[in-house]
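J.: Could you have a look at this structure, given as structure tokens, before my questions?
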Amino acid sequence: MKAAVLREANIPMEIEEVQISKPGPREVLVRPIAAGVCHSDLHFMDGSYPYMLPTILGHESAGVVEQVGSDVTYVKKGDHVITCLSAFCGHCNKCLTGHLSLCNSPEVSRKAEEAPRIAQGSDTIHQFLNLSSFAELMLIHEHALVKVREDMPMDRAALIGCSTTTGVGAVFHTAKVEPGSTVAVIGCGGVGLAAINGAALAGAARIIAVDMVDSKLELAKSVGATDIVNASSGNAVGEVIEMTQGGCDYTFEAIGLKATAEQSFQMLCPGGVATIIGMIPPGTMVELQGVDFLSEKKIQGSNMGSNRFRVDMPRFVDFYLDGKLHLDQMISKHIKLNEINEALTALKSGQEARHIIMFD
Amino acid sequence: MTLERVESEITGNVWKIEVKPGDKVEAEDVIMILESMKMEIPVEAPCAGTIKEILVSEEDAVDEDQVLATIES
């Protein structure tokens with residue numbers, strides 16, 4: 001099969017011929033139909049997050065089941081599925097206490113002594129986040145996918161595989177936004193826009209979108225933002241505090257920078273909660289004013305929207321088909337696999353929402 | 001000759017150990033692969049030298065800053 005292989009950070013990927021293994025007892029072979037190009041892929045492409053190379057990036061996809069392993073009963077050939085990197089074992093402490101997205105069990109991967117899921121001749125190609133969706137086929141654990149309705153368009157379904165679940169989930173599950181509250185979202189890429197949409201679904205009274213690109217702020221309004229702040233003015237914190245007369249109940253950072261993480265905390269009202277969704281590079285320290293803890297301000301992380309994706313994703317599909325979740329405007333362009341490097345360059349520029357790879 | 005410590009930058013599990021005591025390594029060679037929050041993260045040699053000790057086993061849980069191996073350089 002063909003796949004976009006990353007061999008060195010910051011070096012464009014090449015489309016190469018690689019081999020995919022046969023499904024083991026609990027594995028499923030999926031033919032992706034659509035795969036989103038996410039900002040998180042860029043973190044690994046540019047080396048700000050380390051990863052074993054060579055690898056095949058991509059972790060936001062939807063497709064059709066091609067083949068199942070001998071013990072798989074949940075799906076069958078032909079089922080429409082969304083994949084998710086939050087593969088869960090189902091029996092560790094995290095899973096059994098309802099925190100499936102924090103499952104760290106290695107059993108959803110193949111063991112070190114087993115043949116790799118992806119190879120090129122005798123060389124291992126490291127599977128990315130147990131998925132690797134920039135490829136014509138994906139071999140994944142049965143707990144890394146969810147069945148969805150067949151009337152759901154695949155390109156929209158792919159978005160639910162990461163950005164929607166991460167943004168909406170951060171609002172619903174991590175922060176548990178209350179109806180009538182005030183919310184600010186810093187960063188209006190795919191995840192930030194999903195958080196804005198989620199805040200609207202949760203009934204937030206005021207949703208302030210913060211970004212430096214006017215076109216993204218316009219997109220933010222179309223998915224539920226009630227107010228916008230262009231941060232290029234240099235005083236986003238002051239503007240948000242003035243607009244809300246003292247700060248927000250909830251803030252969400254959806255970029256992954258020290259400065260914006262600190263700003264998300266500074267934008268809170270007493271008792272408010274800042275949720276960091278963006279991937280801050282390893283080694284980066286975040287600094288806060290200690291005195292702010294006296295007013296019960298809180299800061300927390302959110303990984304993949306604290307999801308329970310087998311429950312969440314079919315609900316998000318229904319939300320989209322009911323017109324409540326706005327996914328159409330999230331997609332700026334449909335591309336082919338061989339245009340992946342251009343898509344990542346466009347993503348880096350910060351000017352566009354999301355490119356979706358469509359497979360033939 | 002100095003003894004360099006190879007430390008984990010993250011909390012996770014040891015997925016695969018790529019070297020054994022006595023092996024010669026160059027700086028940035030992969031010594032082992034850790035798995036953390038679904039990521040396969042390489043642990044690289046901080047310097048060239050000879051692996052003196054491997055202090056963990058595959059499937060062990062490791063903490064941030066834990067010494068995983070030592071290298072005589």
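Chain identifiers are assigned as A, B, and so on, following the order in which chains appear in the structure tokens; residues are numbered from 1 within each chain, and ligands are numbered from 1 in order of appearance.
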Can you pull out every residue from segment 16-126 of chain A that DSSP, working from the backbone, puts in strand (DSSP E), and format the result as a PyMOL selection string?
T.: chain A and resi 16-17+19-20+27-37+55-56+61-68+80-83+118-120+123-124+126
J.: Can you pull out every residue within 6 Å of segment 266-279 of chain A, counting only C-alpha atoms, but drop anything in the same chain fewer than 3 positions away, and send it as a list in words?
T.: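 The neighbour list is Val237, Gly246, Gly247, Cys248, Asp249, Tyr250, Thr251, Phe252, Glu253, Ala254, Ile255, Gly256, Gln263, Ser295, Glu296, Lys297, Lys298, Ile299, Gln300, Gly301 and Ser302 of chain A.
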J.: Applying 9 Å and only C-alpha atoms, which residues near Lys16 of chain B remain after dropping the ones on its own chain fewer than 4 positions away? List them as a list of chain:residue names.
T.: A:Lys111, A:Ala112, A:Glu113, B:Ile31, B:Met32, B:Ile33, B:Leu34, B:Glu35, B:Ser57, B:Glu58, B:Glu59
J.: Could you check the closest approach to chain A for each of B:Val25, B:Met39, B:Val30, B:Leu3 and tell me which residue wins, using only C-alpha atoms?
T.: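 That would be B:Met39, the residue with the smallest distance to chain A.
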J.: Grab the atom CA of Asp123 of chain A to atom CA of Gly22 of chain B distance for me, in Å with one decimal place.
T.: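 The value is 24.4 Å.
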J.: Between A:Gly290, A:Gly90, A:Gly47, A:Gly180, single out the one closest to chain B, counting only C-alpha atoms.
T.: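 Of A:Gly290, A:Gly90, A:Gly47, A:Gly180, the one nearest chain B, counting only C-alpha atoms, is A:Gly47.
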J.: One decimal, in Å: what's the spacing between atom CA of His143 of chain A and atom CA of Thr165 of chain A?
T.: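 According to the coordinates, atom CA of His143 of chain A and atom CA of Thr165 of chain A are separated by 16.1 Å.
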J.: Determine, using only C-alpha atoms, which residues of chain B have any atom at most 7 Å from an atom of chain A, and tabulate each with its shortest atom pair and distance in Å to one decimal place, rows ordered by chain and then rising number, as a tab-separated table.
T.:
```
residue	atom	partner	partner_atom	distance
B:Trp15	CA	A:Ala112	CA	6.4
B:Lys16	CA	A:Ala112	CA	5.7
B:Ser36	CA	A:Asn104	CA	6.6
B:Met37	CA	A:Asn104	CA	5.6
B:Lys38	CA	A:Leu129	CA	5.0
B:Met39	CA	A:Leu129	CA	5.5
B:Glu40	CA	A:Tyr51	CA	5.7
B:Ile41	CA	A:Tyr51	CA	4.9
B:Pro42	CA	A:Met52	CA	5.6
```
J.: Show which residues sit within 8 Å of segment 342-347 of chain A, as a list in words. Count only C-alpha atoms, and ignore same-chain residues fewer than 6 positions away.
T.: Val37, Cys38, His39, Leu42, Ala353, Arg354 and His355 of chain A
J.: Could you write out the selected residues, including all heavy atoms, as a CSV table (one decimal), in the first residue's frame?
T.:
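So again_34.csv came out as:
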```csv
chain,number,residue,atom,x,y,z
A,37,VAL,N,-5.9,16.5,8.3
A,37,VAL,CA,-4.5,16.9,8.6
A,37,VAL,C,-4.6,17.9,9.8
A,37,VAL,O,-5.1,19.0,9.7
A,37,VAL,CB,-3.9,17.6,7.4
A,37,VAL,CG1,-2.4,18.0,7.7
A,37,VAL,CG2,-4.0,16.7,6.2
A,38,CYS,N,-4.1,17.4,11.0
A,38,CYS,CA,-4.3,18.1,12.2
A,38,CYS,C,-3.1,18.8,12.7
A,38,CYS,O,-1.9,18.4,12.4
A,38,CYS,CB,-4.7,17.0,13.3
A,38,CYS,SG,-4.9,17.6,14.9
A,39,HIS,N,-3.2,19.8,13.5
A,39,HIS,CA,-2.1,20.6,14.0
A,39,HIS,C,-1.2,19.7,14.8
A,39,HIS,O,0.0,19.9,14.9
A,39,HIS,CB,-2.5,21.8,14.8
A,39,HIS,CG,-1.6,22.9,14.7
A,39,HIS,ND1,-0.5,23.0,15.6
A,39,HIS,CD2,-1.5,24.0,13.9
A,39,HIS,CE1,0.2,24.1,15.3
A,39,HIS,NE2,-0.4,24.7,14.3
A,42,LEU,N,1.6,18.2,13.0
A,42,LEU,CA,2.6,19.2,12.7
A,42,LEU,C,3.6,19.2,13.9
A,42,LEU,O,4.8,19.3,13.7
A,42,LEU,CB,2.0,20.6,12.6
A,42,LEU,CG,2.8,21.7,12.0
A,42,LEU,CD1,3.3,21.3,10.6
A,42,LEU,CD2,1.9,22.9,11.9
A,353,ALA,N,-8.4,26.5,8.1
A,353,ALA,CA,-8.9,25.6,9.1
A,353,ALA,C,-8.4,24.2,9.0
A,353,ALA,O,-7.5,23.8,9.7
A,353,ALA,CB,-10.4,25.6,9.0
A,354,ARG,N,-8.8,23.5,8.0
A,354,ARG,CA,-8.4,22.1,7.9
A,354,ARG,C,-8.4,21.5,6.5
A,354,ARG,O,-9.4,21.7,5.8
A,354,ARG,CB,-9.3,21.2,8.8
A,354,ARG,CG,-8.6,20.1,9.5
A,354,ARG,CD,-9.5,19.6,10.6
A,354,ARG,NE,-8.7,18.9,11.6
A,354,ARG,CZ,-8.0,19.4,12.6
A,354,ARG,NH1,-7.9,20.7,12.7
A,354,ARG,NH2,-7.4,18.6,13.5
A,355,HIS,N,-7.4,20.8,6.1
A,355,HIS,CA,-7.4,20.0,4.9
A,355,HIS,C,-7.8,18.6,5.2
A,355,HIS,O,-7.4,18.0,6.2
A,355,HIS,CB,-6.0,20.1,4.2
A,355,HIS,CG,-5.7,21.4,3.7
A,355,HIS,ND1,-4.7,21.7,2.8
A,355,HIS,CD2,-6.2,22.7,3.9
A,355,HIS,CE1,-4.6,22.9,2.5
A,355,HIS,NE2,-5.5,23.6,3.2
```
J.: List the spatial neighbours of Ile228 of chain A as an MDAnalysis selection string - criterion: any atom at most 9 Å away, only C-alpha atoms, same-chain residues fewer than 5 positions off excluded.
T.: chainID A and resid 207:211 217:218 220:221
J.: By how many Å are atom CA of Thr83 of chain A and atom CA of His334 of chain A apart?
T.: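 Atom CA of His334 of chain A lies at a distance of 19.1 Å from atom CA of Thr83 of chain A.
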J.: With distances taken over only C-alpha atoms, which residue among B:Met1, B:Ala48, B:Val43, B:Ala27 lies nearest Gln66 of chain B?
T.: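 Among the listed residues, B:Val43 lies closest to Gln66 of chain B.
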J.: Tell me which of B:Ile51, B:Val67, B:Ala45, B:Val6 sits closest to Pro21 of chain B, counting only C-alpha atoms.
T.: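 Between B:Ile51, B:Val67, B:Ala45, B:Val6, the residue approaching Pro21 of chain B most closely is B:Ile51.
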